[in-house]
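Scroll down for the structure; my scribbles are underneath it.
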Amino acid sequence: LLAIATMPRADDALKIRRAVARDAPALSRLLHEVGFPSSSSEVAKRLKSLPNPVFVAVRNRKVIGLLTTNIMPVLHRPTAVGRLSALFVSKQERSRGVGRALVAAAEQYLKSVGCALVEVTSNLRLKDAHAFYEHLGYEATSVRFKRALHPKG
Ligand SMILES: CC(C)(COP(=O)(O)OP(=O)(O)OC[C@H]1O[C@@H](n2cnc3c(N)ncnc32)[C@H](O)[C@@H]1OP(=O)(O)O)[C@@H](O)C(=O)NCCC(=O)NCCS
C-alpha cells in the first residue's frame with residue numbers, strides 16, 4: 001500500500017503534445033506570465049489560423065510550457081527552413097527539462113516534414129536563452145535586424 005501511495009502518478013510525468021483549441025485559456029495565462037498578454041479569445045483565434053504546430057508541455061494536466069513552430073519555404077536552399085518562433089516555460093517549472101523536451105519534439109517534427117535546418121532568433125538581452133540554445137547544440141551565426149511597419153510592430 002505504501003509503495004502504491006508513494007509511486008509517482010502518471011499525471012506527474014512531463015508530456016509534450018500538440019496544442020488543441022481547448023488549450024487557449026491556459027496558453028493565454030502562460031503568455032500573460034511571460035509578458036505577452038493576449039486574451040483567451042485572441043489566442044484561440046491565432047491558434048486556429050497558425051499553419052504549423054504549437055507544442056505544449058503538460059504536467060499534472062497543467063500547461064507549463066509552449067513552443068510554436070514555422071516552416072519557411074525558401075528559394076535559396078533545397079529544403080524549407082524550420083523555425084522555433086516562440087518558446088516559454090512557466091517560471092516555477094524552469095530548469096527541469098521542459099524546454100529541452102519541447103525543443104526535441106519540435107526538432108523531430110520539423111525533421112519529419114523535411115526541414116534540413118532549424119533556426120531560432122533570440123533577443124540580444126536574453127543571455128540565459130542563448131546559453132540554453134548553445135547547450136542544446138545551436139550555433140549563433142546571424143544578427144536579426146527589425147523595423148516596425150506599424151505601431152503594433
Ligand atoms: C529558456 C527556457 C525556454 C529554457 O527552458 P528550461 O525548461 O528552463 O530549460 P531546461 O531545464 O530544459 O534546460 C535544458 C538544458 O539546458 C541547460 N540550460 C538551461 N539554461 C541554461 C543557462 N542559462 N546556461 C547554461 N545552460 C542552461 C540546462 O542545464 C539543461 O541541461 P541538461 O539537460 O544537459 O541537464 C526557459 O528558461 C524560459 O522560458 N525562459 C524565458 C523565456 C525565454 O527566454 N525564451 C526563449 C526566447 S528565444
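Numbering starts fresh at 1 for the residues of each chain in the C-alpha cells, the chains themselves are lettered A, B, ... in the order given, and ligands are numbered from 1 as they appear.
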With ligand 1 as the partner and 7 Å as the cut-off, tabulate the residues of chain A that qualify, each row holding the nearest pair of atoms and their distance in Å to one decimal, using only C-alpha atoms and all ligand atoms, sorted by chain and rising number, as JSON lines.
{"residue": "A:Val34", "atom": "CA", "partner": "ligand 1", "partner_atom_place_in_ligand_line": "42 (C)", "distance": 6.9}
{"residue": "A:Ala86", "atom": "CA", "partner": "ligand 1", "partner_atom_place_in_ligand_line": "47 (C)", "distance": 6.2}
{"residue": "A:Leu87", "atom": "CA", "partner": "ligand 1", "partner_atom_place_in_ligand_line": "45 (N)", "distance": 4.9}
{"residue": "A:Phe88", "atom": "CA", "partner": "ligand 1", "partner_atom_place_in_ligand_line": "39 (O)", "distance": 3.7}
{"residue": "A:Val89", "atom": "CA", "partner": "ligand 1", "partner_atom_place_in_ligand_line": "39 (O)", "distance": 3.7}
{"residue": "A:Ser90", "atom": "CA", "partner": "ligand 1", "partner_atom_place_in_ligand_line": "39 (O)", "distance": 6.3}
{"residue": "A:Lys91", "atom": "CA", "partner": "ligand 1", "partner_atom_place_in_ligand_line": "39 (O)", "distance": 6.9}
{"residue": "A:Glu93", "atom": "CA", "partner": "ligand 1", "partner_atom_place_in_ligand_line": "7 (O)", "distance": 6.6}
{"residue": "A:Arg94", "atom": "CA", "partner": "ligand 1", "partner_atom_place_in_ligand_line": "8 (O)", "distance": 3.4}
{"residue": "A:Ser95", "atom": "CA", "partner": "ligand 1", "partner_atom_place_in_ligand_line": "11 (O)", "distance": 3.2}
{"residue": "A:Arg96", "atom": "CA", "partner": "ligand 1", "partner_atom_place_in_ligand_line": "11 (O)", "distance": 4.1}
{"residue": "A:Gly97", "atom": "CA", "partner": "ligand 1", "partner_atom_place_in_ligand_line": "12 (O)", "distance": 3.2}
{"residue": "A:Val98", "atom": "CA", "partner": "ligand 1", "partner_atom_place_in_ligand_line": "7 (O)", "distance": 3.9}
{"residue": "A:Gly99", "atom": "CA", "partner": "ligand 1", "partner_atom_place_in_ligand_line": "7 (O)", "distance": 3.6}
{"residue": "A:Arg100", "atom": "CA", "partner": "ligand 1", "partner_atom_place_in_ligand_line": "12 (O)", "distance": 3.7}
{"residue": "A:Ala101", "atom": "CA", "partner": "ligand 1", "partner_atom_place_in_ligand_line": "12 (O)", "distance": 6.3}
{"residue": "A:Val120", "atom": "CA", "partner": "ligand 1", "partner_atom_place_in_ligand_line": "48 (S)", "distance": 6.8}
{"residue": "A:Thr121", "atom": "CA", "partner": "ligand 1", "partner_atom_place_in_ligand_line": "48 (S)", "distance": 6.0}
{"residue": "A:Ser122", "atom": "CA", "partner": "ligand 1", "partner_atom_place_in_ligand_line": "48 (S)", "distance": 4.0}
{"residue": "A:Asn123", "atom": "CA", "partner": "ligand 1", "partner_atom_place_in_ligand_line": "48 (S)", "distance": 6.5}
{"residue": "A:Leu126", "atom": "CA", "partner": "ligand 1", "partner_atom_place_in_ligand_line": "44 (O)", "distance": 5.8}
{"residue": "A:Lys127", "atom": "CA", "partner": "ligand 1", "partner_atom_place_in_ligand_line": "23 (N)", "distance": 7.0}
{"residue": "A:Asp128", "atom": "CA", "partner": "ligand 1", "partner_atom_place_in_ligand_line": "23 (N)", "distance": 3.6}
{"residue": "A:Ala129", "atom": "CA", "partner": "ligand 1", "partner_atom_place_in_ligand_line": "1 (C)", "distance": 4.3}
{"residue": "A:Ala131", "atom": "CA", "partner": "ligand 1", "partner_atom_place_in_ligand_line": "24 (N)", "distance": 4.3}
{"residue": "A:Phe132", "atom": "CA", "partner": "ligand 1", "partner_atom_place_in_ligand_line": "27 (C)", "distance": 4.1}
{"residue": "A:His135", "atom": "CA", "partner": "ligand 1", "partner_atom_place_in_ligand_line": "16 (O)", "distance": 5.5}
{"residue": "A:Leu136", "atom": "CA", "partner": "ligand 1", "partner_atom_place_in_ligand_line": "16 (O)", "distance": 6.4}
Open item on the list: From a backbone DSSP assignment, name each residue in region 8-148 of chain A labelled helix (DSSP H, G or I), as a PyMOL selection string.
Closed with: chain A and resi 10-12+21-33+40-49+91-93+98-112+127-135
Same residues, C-alpha atoms, saved as a PDB file, in the first residue's frame:
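Just written: selection.pdb:
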ATOM      1  CA  ALA A  10       1.050   9.192 -14.442  1.00  0.00           C
ATOM      2  CA  ASP A  11      -0.094  12.839 -14.321  1.00  0.00           C
ATOM      3  CA  ASP A  12       3.228  13.840 -12.697  1.00  0.00           C
ATOM      4  CA  ALA A  21      -8.327  24.608 -29.275  1.00  0.00           C
ATOM      5  CA  ARG A  22      -9.236  23.912 -25.637  1.00  0.00           C
ATOM      6  CA  ASP A  23      -5.660  24.882 -24.581  1.00  0.00           C
ATOM      7  CA  ALA A  24      -6.344  28.552 -25.460  1.00  0.00           C
ATOM      8  CA  PRO A  25      -7.167  29.725 -21.883  1.00  0.00           C
ATOM      9  CA  ALA A  26      -4.037  28.024 -20.465  1.00  0.00           C
ATOM     10  CA  LEU A  27      -1.871  29.404 -23.286  1.00  0.00           C
ATOM     11  CA  SER A  28      -3.290  32.874 -22.655  1.00  0.00           C
ATOM     12  CA  ARG A  29      -2.372  32.584 -18.935  1.00  0.00           C
ATOM     13  CA  LEU A  30       1.165  31.432 -19.777  1.00  0.00           C
ATOM     14  CA  LEU A  31       1.629  34.269 -22.304  1.00  0.00           C
ATOM     15  CA  HIS A  32       0.488  36.781 -19.665  1.00  0.00           C
ATOM     16  CA  GLU A  33       3.002  35.359 -17.202  1.00  0.00           C
ATOM     17  CA  SER A  40      -8.007  33.717 -24.414  1.00  0.00           C
ATOM     18  CA  SER A  41     -10.187  34.506 -27.443  1.00  0.00           C
ATOM     19  CA  GLU A  42      -7.273  36.199 -29.261  1.00  0.00           C
ATOM     20  CA  VAL A  43      -5.092  33.160 -28.569  1.00  0.00           C
ATOM     21  CA  ALA A  44      -7.882  30.821 -29.745  1.00  0.00           C
ATOM     22  CA  LYS A  45      -8.226  32.793 -32.987  1.00  0.00           C
ATOM     23  CA  ARG A  46      -4.461  32.809 -33.658  1.00  0.00           C
ATOM     24  CA  LEU A  47      -4.092  29.149 -32.734  1.00  0.00           C
ATOM     25  CA  LYS A  48      -6.725  28.279 -35.325  1.00  0.00           C
ATOM     26  CA  SER A  49      -5.008  30.338 -38.028  1.00  0.00           C
ATOM     27  CA  LYS A  91       8.761  30.428 -14.207  1.00  0.00           C
ATOM     28  CA  GLN A  92       8.390  27.863 -11.435  1.00  0.00           C
ATOM     29  CA  GLU A  93       8.904  24.982 -13.903  1.00  0.00           C
ATOM     30  CA  VAL A  98      10.785  21.210 -20.018  1.00  0.00           C
ATOM     31  CA  GLY A  99      12.493  23.484 -22.563  1.00  0.00           C
ATOM     32  CA  ARG A 100      14.735  20.666 -23.735  1.00  0.00           C
ATOM     33  CA  ALA A 101      11.738  18.336 -24.194  1.00  0.00           C
ATOM     34  CA  LEU A 102       9.783  20.972 -26.166  1.00  0.00           C
ATOM     35  CA  VAL A 103      12.742  21.675 -28.473  1.00  0.00           C
ATOM     36  CA  ALA A 104      13.298  17.922 -29.026  1.00  0.00           C
ATOM     37  CA  ALA A 105       9.628  17.435 -30.015  1.00  0.00           C
ATOM     38  CA  ALA A 106       9.735  20.403 -32.393  1.00  0.00           C
ATOM     39  CA  GLU A 107      13.007  19.260 -33.982  1.00  0.00           C
ATOM     40  CA  GLN A 108      11.604  15.762 -34.509  1.00  0.00           C
ATOM     41  CA  TYR A 109       8.509  17.243 -36.168  1.00  0.00           C
ATOM     42  CA  LEU A 110      10.464  19.692 -38.377  1.00  0.00           C
ATOM     43  CA  LYS A 111      12.810  16.889 -39.480  1.00  0.00           C
ATOM     44  CA  SER A 112       9.831  14.643 -40.260  1.00  0.00           C
ATOM     45  CA  LYS A 127      21.741  35.668 -22.353  1.00  0.00           C
ATOM     46  CA  ASP A 128      20.252  32.697 -20.476  1.00  0.00           C
ATOM     47  CA  ALA A 129      18.245  31.656 -23.529  1.00  0.00           C
ATOM     48  CA  HIS A 130      21.410  31.899 -25.656  1.00  0.00           C
ATOM     49  CA  ALA A 131      23.275  29.633 -23.217  1.00  0.00           C
ATOM     50  CA  PHE A 132      20.312  27.213 -23.289  1.00  0.00           C
ATOM     51  CA  TYR A 133      20.315  27.024 -27.114  1.00  0.00           C
ATOM     52  CA  GLU A 134      24.084  26.650 -27.277  1.00  0.00           C
ATOM     53  CA  HIS A 135      23.893  23.883 -24.687  1.00  0.00           C
TER      54      HIS A 135
END
- [ ] Would you mind telling me which residue in A:Leu14, A:Arg77, A:Gly35, A:Arg83 lies nearest to Ala57 (chain A) when using only C-alpha atoms?
- [x] A:Leu14
TODO: Identify which of the residues A:Pro78, A:Gly65, A:Pro73, A:Gly137 lies closest to Ile16 (chain A), counting only C-alpha atoms when measuring atom-to-atom distances.
DONE: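 Among the listed residues, A:Gly65 lies closest to Ile16 (chain A).
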Task: Pick from A:Ile71, A:Leu50, A:Val56, A:Ala148 nearest to Ala19 (chain A), counting only C-alpha atoms - done: A:Val56
Open item on the list: Based on the backbone DSSP call, show me all residues of chain A assigned strand (DSSP E), as number ranges by chain.
Closed with: A: 15-18, 54-59, 62-72, 81-89, 117-120
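Closest approach to Ser85 (chain A) among A:Val113, A:Val63, A:Val118, A:Leu124: A:Val118, based on only C-alpha atoms.
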Task: Point-to-point distance from CA of Leu117 (chain A) to CA of Gly153 (chain A), Å rounded to tenths - done: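 Going from CA of Leu117 (chain A) over to CA of Gly153 (chain A), I get 27.0 Å.
Relative to CA of Val20 (chain A), CA of Glu119 (chain A) is found at 24.2 Å.
When only C-alpha atoms are used to measure the gap to Val74 (chain A), the shortest distance among A:Ser39, A:Val54, A:Cys115, A:Val143 belongs to A:Cys115.
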